[in-house]
Protein chains: 2
Amino acid sequence: MDHLDHLVRGSWTPSGGGDAELPEHAAKWLAARTGFVARDTPAAPDSALAVADSALPDSARAALTAVVGDEHVLLDREARLGRTGGLSYLDLLRHRGGGEVTAPDAVVVPADPAQVQRVIEVCAAHGVGVVPFGGGTSVVGGVQALRGDKTSVVVLDLMRLDKLVSVDPVSRLAVLQAGVVAPEAERLLAEHGFTLGHFPQSFERATIGGFAATRSSGQASAGYGRFEDMVEGVRLATPRGEWQVGVSPASAAGPDLKQLIVGSEGAFGVITEVTVRVRPIPASDRYEGFVLDGWSAGADAVRALAQNGTRGTVTRLSDPTETEVGFALKGGWKMNAVRAYLRARGITDPCLLIIGWEGRTKADLTAARKATLRTLSKHKTVSLGQAAGAAWRHGRFAGPRQRDALMDAGVCVETLETATYWSKLDALRDTVREALTTTLTAGGHQPVVACHISHTYETGASLYFTTLVPRDLTDPVGQWAKAKQAACEAISTDSLGTISHHHATGVDHAPYLPREIGALGVDVLGAVKRELDPEGVLNPGKLI
Amino acid sequence: MDHLDHLVRGSWTPSGGGDAELPEHAAKWLAARTGFVARDTPAAPDSALAVADSALPDSARAALTAVVGDEHVLLDREARLGRTGGLSYLDLLRHRGGGEVTAPDAVVVPADPAQVQRVIEVCAAHGVGVVPFGGGTSVVGGVQALRGDKTSVVVLDLMRLDKLVSVDPVSRLAVLQAGVVAPEAERLLAEHGFTLGHFPQSFERATIGGFAATRSSGQASAGYGRFEDMVEGVRLATPRGEWQVGVSPASAAGPDLKQLIVGSEGAFGVITEVTVRVRPIPASDRYEGFVLDGWSAGADAVRALAQNGTRGTVTRLSDPTETEVGFALKGGWKMNAVRAYLRARGITDPCLLIIGWEGRTKADLTAARKATLRTLSKHKTVSLGQAAGAAWRHGRFAGPRQRDALMDAGVCVETLETATYWSKLDALRDTVREALTTTLTAGGHQPVVACHISHTYETGASLYFTTLVPRDLTDPVGQWAKAKQAACEAISTDSLGTISHHHATGVDHAPYLPREIGALGVDVLGAVKRELDPEGVLNPGKLI
């Protein structure tokens with residue numbers, strides 16, 4: 001079935017260096033699809049950005065210095081400018097001169113959980129806001145350095161909490177400090193033969209603490225679960241003292257308070273250590289591509305895989321538009337030849353399905369793959385073989401770098417995501433696509449709205465949308481803000497879907513949270529916040 | 001491998017009728033092991049119990065009647081006496097005249113979620129305590145009709161909330177009212193081809209709402225997950241209005257508030273509806289028994305099964321004492337012949353392992369069983385074949401009835417449970433056994449303390465202890481209360497394990513909860529309670 005290998009090799013996966021330039025074939029395709037005309041709109045130099053003077057009171061600065069040392073209270077322009085926010089399209093636009101950046105008044109870099117605890121107590125005592133900062137990869141404004149009702153705010157950068165504290169190989173548990181970056185966590189665990197198995201697109205920069213604070217979900221969630229499924233314990237620094245939860249793999253001793261901390265986005269405390277479930281590094285893995293005919297057929301197939309327990313470790317279905325975008329941007333794929341090949345096999349509306357399997361042993365992998373193929377055999381499927389799987393895998397973390405290149409060329413490119421139950425999935429996809437398309441078209445530009453399923457459950461699935469549209473150079477912020485607002489309205493009206501499946505709430509989704517959790521839900525979060533953070537210094541303006 | 005079938009047939013599984021009498025072989029074994037002398041100590045007739053007059057104010061009674069109708073506000077002695085508490089050994093002792101029963105001032109039986117909401121508002125307005133009551137199977141005092149700081153308390157019996165509200169076969173979701181009893185839930189779902197797969201020992205009487213309120217875990221948890229894993233949504237009646245949570249299979253929109261309601265034991269509100277994940281009824285199942293040599297070898301084997309993903313739907317390992325108790329009580333087993341058979345195969349310290357498999361298809365079951373056997377082949381294991389599996393399965397819900405017979409004969413018999421990570425499992429088992437044995441022996445009676453693992457996870461397992469000891473007829477309540485206290489101390493000191501893996505907190509475990517969740521955890525629960533139940537009328541004295 002691997003006849004197509006030679007047609008689907010190659011992909012555009014900029015490495016983050018100088019090759020992050022929009023390839024000609026991609027520009028040509030965008031022009032045809034959206035009327036896009038390439039323009040050189042590179043990021044403005046940081047020196048062009050206005051940064052207000054630090055408003056941190058001297059007394060607070062002295063108290064923070066007493067805790068972490070003078071060299072770990074950073075007041076210079078570069079340090080502050082580097083922690084103004086996250087990596088959403090609007091964040092990047094702001095850094096390109098498209099809006100005001102909100103720089104913190106200082107960056108504090110504690111050495112360990114004990115110092116984090118003392119930093120928070122100092123901030124609470126001095127009424128200084130505290131924004132916990134890990135990899136800074138939030139795309140929902142989760143680390144924006146907002147002051148809220150305080151007169152100053154510091155970013156608490158967790159980069160020095162970079163240690164693997166302990167490993168319990170019998171129980172398959174590891175204690176990691178919050179600031180450990182994901183690749184480093186994998187490296188440290190690999191020394192003990194273990195993996196965490198958490199590979200979100202932010203993998204290269206995101207941290208363990210960030211994963212827990214935002215209820216992250218990785219590309220291998222079908223095999224390893226969401227991050228909250230991996231968390232066995234949390235150590236939290238709060239203005240009222242340290243709080244440690246998690247004593248056993250499961251419990252009926254009241255509500256699961258761990259699940260109240262996981263996803264609290266720094267509003268209840270700063271996560272300093274996470275006890276995670278780990279697994280032995282798999283002996284073998286294999287990734288393959290398949291094509292199904294149309295969205296409904298594709299969604300039916302991945303639903304069958306999820307519901308009869310024959311999913312791979314990775315399961316990712318692109319809709320026809322995303323399949324086209326993939327063909328177009330990757331370029332190495334011989335698009336017309338592939339289409340002809342598929343048409344000859346009865347596929348007129350191709351949807352790319354990537355499946356990855358992992359196995360403790362080669363035999364396990366073979367058995368898992370066989371079970372998947374047995375399910376797929378009941379759905380009209382054409383195999384693209386391992387080359388398509390390898391191409392996806394090679395580019396799996398490259399999205400953010402592709403985005404930089406697209407932005408440089410004058411494209412508005414952003415993603416958003418949601419999830420719902422299977423019976424509402426088509427309605428959710430339709431209404432979000434419609435909202436994005438209508439709003440952006442009304443703004444004068446023709447968008448491409450692509451969608452994929454990358455996280456499946458027995459009862460439902462996530463939807464991840466990528467929008468490409470020529471940037472409105474007059475009001476670039478308003479262009480996307482309006483589209484995003486329309487999408488959020490579509491998602492949250494009548495609770496059609498969750499306002500976020502794995503990006504969290506932050507600033508951007510906070511207005512829509514009450515629809516999802518109800519007025520009482522907001523009140524409960526407020527009550528917990530007041531209990532743990534009576535002065536309201538923690539991550540102002542986020543979550544609630 | 002089924003040579004042993006003829007040796008392990010038969011079991012003592014009283015049906016709840018007149019056959020709940022201690023068989024002679026069991027009495028003989030107990031005498032040899034504990035010095036037990038059979039005494040006839042049947043339950044006192046209900047007429048012998050003192051029940052105070054109802055203290056429900058007329059105004060509250062009138063308001064409740066206006067909501068549910070006169071015939072659904074029960075004030076008669078029988079109704080009140082039937083809802084004084086749950087089914088713990090101490091609850092049963094109280095009904096045998098061994099202590100004071102706490103009867104509610106009335107039993108209110110609303111018809112639907114809307115009436116539940118209004119009943120709660122009436123109780124909040126009148127300062128009347130409300131104890132939500134499903135199957136009444138709590139063994140931790142969770143439904144004890146305590147007044148707390150109120151002058152009266154009503155039991156809110158959910159028996160009329162007995163409907164399957166809706167089924168979404170595509171998403172595999174069902175909405176069940178809280179009062180649906182588990183066998184009825186299975187019957188209603190079976191009409192749609194589905195099962196919930198939740199089979200705790202309380203199955204015959206317990207309700208959907210009770211499962212959610214207590215974070216229940218069933219015998220098939222390895223295959224179907226704990227009850228909280230099945231809950232997709234909850235409808236909660238609170239003094240501040242209705243609260244509905246759950247819009248998608250997974251979410252990163254802040255903390256998981258569903259997991260704050262699941263396990264809240266009626267202290268935050270009354271669960272009126274639960275949206276559960278359902279699965280197709282399996283096409284086939286198979287149960288088998290195995291014997292391993294000693295606790296450590298057995299625990300190693302079930303750990304391997306859990307960690308390499310080759311568990312069955314049911315996995316249950318008895319320690320040598322429980323294995324002996326099983327042989328002894330069941331009676332039909334030819335104990336000496338079995339022992340000789342096992343000794344000839346190198347097993348001197350038998351630990352019974354029951355494994356059950358289910359499959360969508362027969363082929364799935366065969367594959368799952370083969371994977372299990374492959375793992376077991378690396379551990380010294382003797383198969384007992386399907387007869388041992390069938391015997392366990394036949395008696396799986398009979399424990400409570402066996403207990404009645406043992407109590408009639410003058411035996412103190414009670415269970416308790418906990419869970420921890422694998423590396424601490426042996427220490428936890430040792431310390432709890434030691435605490436129970438030492439305390440009861442000091443009281444003048446020799447106990448039998450048996451233990452099993454019935455819920456396994458990648459990172460740890462549950463431990464379930466059964467204690468049998470001749471009842472102290474002078475101070476029967478004190479005899480067990482002291483033993484239970486010693487066990488709870490052993491479990492909770494230094495967070496060796498959770499104070500409850502699946503029985504919940506109730507009144508009995510509340511004193512130990514702060515050790516597990518910390519002072520801040522208690523404060524957080526208190527803050528949530530005050531937010532949702534400002535008058536403090538909900539389930540007084542439970543959880544917090």
# chains A, B, ... in the order shown; residues from 1 in each chain; ligands from 1
>>> select_by_dssp(residues="range 191-313 of chain A", states="helix (DSSP H, G or I)", output="number ranges by chain")
A: 208-214, 221-224, 227-230, 258-261, 295-307
>>> closest_residue(among="A:Leu188, A:Ala405, A:Val245, A:Cys451", to="chain B", atoms="only C-alpha atoms")
A:Val245
>>> atom_distance(atom1="CA of Phe268 in chain A", atom2="CA of Glu531 in chain A")
8.8 Å
>>> residues_around(residues="Ala340 in chain B", least_positions_apart="5", cutoff="12 Å", atoms="only C-alpha atoms", output="PyMOL selection string")
chain B and resi 4+7+334-335+345-350
>>> residues_around(residues="Ser88 in chain A", least_positions_apart="5", cutoff="9 Å", atoms="only C-alpha atoms", output="list of chain:residue names")
A:Leu93, A:Thr137, A:Ser138, A:Val139, A:Val140, A:Gly141, A:Glu414, A:Thr415
>>> closest_residue(among="A:Ala419, A:Ala368, A:Ala390, A:Leu74", to="chain B", atoms="only C-alpha atoms")
A:Ala419
>>> residues_around(residues="Ser454 in chain B", least_positions_apart="2", cutoff="10 Å", atoms="only C-alpha atoms", output="NGL selection string")
:B and (217-222 or 302 or 314-318 or 353-354 or 451-452 or 456 or 461-464)
>>> write_last_selection(atoms="N, CA and C atoms", output="PDB file, in the first residue's frame")
ATOM      1  N   SER B 217     -16.288   3.338  43.057  1.00  0.00           N
ATOM      2  CA  SER B 217     -15.494   2.569  42.097  1.00  0.00           C
ATOM      3  C   SER B 217     -16.010   1.138  42.098  1.00  0.00           C
ATOM      4  N   GLY B 218     -16.280   0.608  40.915  1.00  0.00           N
ATOM      5  CA  GLY B 218     -16.876  -0.714  40.827  1.00  0.00           C
ATOM      6  C   GLY B 218     -15.858  -1.819  40.590  1.00  0.00           C
ATOM      7  N   GLN B 219     -16.334  -3.050  40.679  1.00  0.00           N
ATOM      8  CA  GLN B 219     -15.427  -4.199  40.554  1.00  0.00           C
ATOM      9  C   GLN B 219     -14.805  -4.289  39.160  1.00  0.00           C
ATOM     10  N   ALA B 220     -15.457  -3.680  38.172  1.00  0.00           N
ATOM     11  CA  ALA B 220     -14.927  -3.722  36.809  1.00  0.00           C
ATOM     12  C   ALA B 220     -14.187  -2.422  36.466  1.00  0.00           C
ATOM     13  N   SER B 221     -13.633  -1.772  37.490  1.00  0.00           N
ATOM     14  CA  SER B 221     -12.994  -0.468  37.260  1.00  0.00           C
ATOM     15  C   SER B 221     -11.823  -0.561  36.289  1.00  0.00           C
ATOM     16  N   ALA B 222     -11.182  -1.722  36.241  1.00  0.00           N
ATOM     17  CA  ALA B 222     -10.051  -1.861  35.317  1.00  0.00           C
ATOM     18  C   ALA B 222     -10.527  -1.730  33.868  1.00  0.00           C
ATOM     19  N   VAL B 302       0.047  -8.427  39.600  1.00  0.00           N
ATOM     20  CA  VAL B 302      -1.034  -7.499  39.226  1.00  0.00           C
ATOM     21  C   VAL B 302      -0.462  -6.124  38.869  1.00  0.00           C
ATOM     22  N   VAL B 314     -11.902  -7.096  35.151  1.00  0.00           N
ATOM     23  CA  VAL B 314     -11.873  -7.268  36.602  1.00  0.00           C
ATOM     24  C   VAL B 314     -10.527  -7.871  36.968  1.00  0.00           C
ATOM     25  N   THR B 315      -9.880  -7.337  37.977  1.00  0.00           N
ATOM     26  CA  THR B 315      -8.615  -7.893  38.471  1.00  0.00           C
ATOM     27  C   THR B 315      -8.677  -7.834  39.987  1.00  0.00           C
ATOM     28  N   ARG B 316      -8.568  -8.975  40.646  1.00  0.00           N
ATOM     29  CA  ARG B 316      -8.743  -8.993  42.090  1.00  0.00           C
ATOM     30  C   ARG B 316      -7.814 -10.023  42.713  1.00  0.00           C
ATOM     31  N   LEU B 317      -6.908  -9.531  43.534  1.00  0.00           N
ATOM     32  CA  LEU B 317      -5.919 -10.404  44.182  1.00  0.00           C
ATOM     33  C   LEU B 317      -6.169 -10.469  45.683  1.00  0.00           C
ATOM     34  N   SER B 318      -6.400 -11.679  46.211  1.00  0.00           N
ATOM     35  CA  SER B 318      -6.568 -11.861  47.652  1.00  0.00           C
ATOM     36  C   SER B 318      -5.239 -12.203  48.297  1.00  0.00           C
ATOM     37  N   LEU B 353      -6.167 -15.113  42.653  1.00  0.00           N
ATOM     38  CA  LEU B 353      -6.298 -13.997  41.710  1.00  0.00           C
ATOM     39  C   LEU B 353      -7.483 -14.294  40.791  1.00  0.00           C
ATOM     40  N   ILE B 354      -8.467 -13.398  40.808  1.00  0.00           N
ATOM     41  CA  ILE B 354      -9.615 -13.536  39.889  1.00  0.00           C
ATOM     42  C   ILE B 354      -9.442 -12.528  38.766  1.00  0.00           C
ATOM     43  N   CYS B 451      -7.098  -9.253  53.333  1.00  0.00           N
ATOM     44  CA  CYS B 451      -6.875  -8.083  52.480  1.00  0.00           C
ATOM     45  C   CYS B 451      -6.907  -8.481  51.008  1.00  0.00           C
ATOM     46  N   HIS B 452      -7.417  -7.598  50.170  1.00  0.00           N
ATOM     47  CA  HIS B 452      -7.277  -7.818  48.734  1.00  0.00           C
ATOM     48  C   HIS B 452      -7.045  -6.515  47.976  1.00  0.00           C
ATOM     49  N   THR B 456      -6.635  -1.582  40.377  1.00  0.00           N
ATOM     50  CA  THR B 456      -5.226  -1.335  40.094  1.00  0.00           C
ATOM     51  C   THR B 456      -5.092  -0.169  39.112  1.00  0.00           C
ATOM     52  N   ALA B 461      -2.431   0.960  43.714  1.00  0.00           N
ATOM     53  CA  ALA B 461      -3.579   0.059  43.841  1.00  0.00           C
ATOM     54  C   ALA B 461      -4.343   0.342  45.118  1.00  0.00           C
ATOM     55  N   SER B 462      -5.560  -0.187  45.168  1.00  0.00           N
ATOM     56  CA  SER B 462      -6.355  -0.107  46.393  1.00  0.00           C
ATOM     57  C   SER B 462      -6.037  -1.300  47.290  1.00  0.00           C
ATOM     58  N   LEU B 463      -6.302  -1.148  48.566  1.00  0.00           N
ATOM     59  CA  LEU B 463      -6.248  -2.272  49.504  1.00  0.00           C
ATOM     60  C   LEU B 463      -7.576  -2.297  50.241  1.00  0.00           C
ATOM     61  N   TYR B 464      -8.170  -3.479  50.320  1.00  0.00           N
ATOM     62  CA  TYR B 464      -9.477  -3.633  50.938  1.00  0.00           C
ATOM     63  C   TYR B 464      -9.333  -4.674  52.041  1.00  0.00           C
TER      64      TYR B 464
END
>>> atom_distance(atom1="CA of Gly82 in chain B", atom2="CA of Pro132 in chain B")
13.7 Å
>>> residues_around(residues="range 238-242 of chain B", least_positions_apart="6", cutoff="9 Å", atoms="only C-alpha atoms", output="PyMOL selection string")
(chain A and resi 520) or (chain B and resi 114+117-118+120-125+268-271+531-535+537-538)
>>> residues_around(residues="range 173-183 of chain B", least_positions_apart="5", cutoff="10 Å", atoms="only C-alpha atoms", output="number ranges by chain")
A: 421-423, 458-460; B: 112-113, 133-135, 157-168, 188-189, 194, 196-200, 202-213, 230-236, 270-279
>>> decode(residues="range 136-147 of chain A", atoms="N, CA and C atoms", output="compact mmCIF listing (two decimals), in the first residue's frame")
# COMPACT_ATOMS: atom_id res chain seq x y z
N GLY A 136 6.21 30.68 28.34
CA GLY A 136 5.63 31.85 27.68
C GLY A 136 4.93 31.52 26.37
N THR A 137 4.37 30.30 26.27
CA THR A 137 3.77 29.89 25.00
C THR A 137 2.25 30.05 24.98
N SER A 138 1.69 30.68 25.99
CA SER A 138 0.23 30.86 26.02
C SER A 138 -0.25 31.55 24.74
N VAL A 139 -1.35 31.06 24.18
CA VAL A 139 -1.94 31.72 23.02
C VAL A 139 -3.29 32.33 23.37
N VAL A 140 -3.58 32.46 24.68
CA VAL A 140 -4.86 33.03 25.10
C VAL A 140 -4.66 34.19 26.08
N GLY A 141 -3.45 34.76 26.07
CA GLY A 141 -3.19 35.88 26.99
C GLY A 141 -2.97 35.44 28.42
N GLY A 142 -2.66 34.16 28.62
CA GLY A 142 -2.54 33.62 29.97
C GLY A 142 -1.37 34.17 30.78
N VAL A 143 -0.34 34.71 30.10
CA VAL A 143 0.82 35.25 30.82
C VAL A 143 0.99 36.75 30.53
N GLN A 144 -0.08 37.38 30.06
CA GLN A 144 0.01 38.82 29.82
C GLN A 144 0.28 39.54 31.15
N ALA A 145 1.22 40.46 31.13
CA ALA A 145 1.66 41.11 32.38
C ALA A 145 0.69 42.23 32.76
N LEU A 146 -0.53 41.83 33.12
CA LEU A 146 -1.56 42.82 33.48
C LEU A 146 -1.45 43.20 34.96
N ARG A 147 -1.80 44.43 35.27
CA ARG A 147 -1.74 44.88 36.65
C ARG A 147 -3.05 44.62 37.41
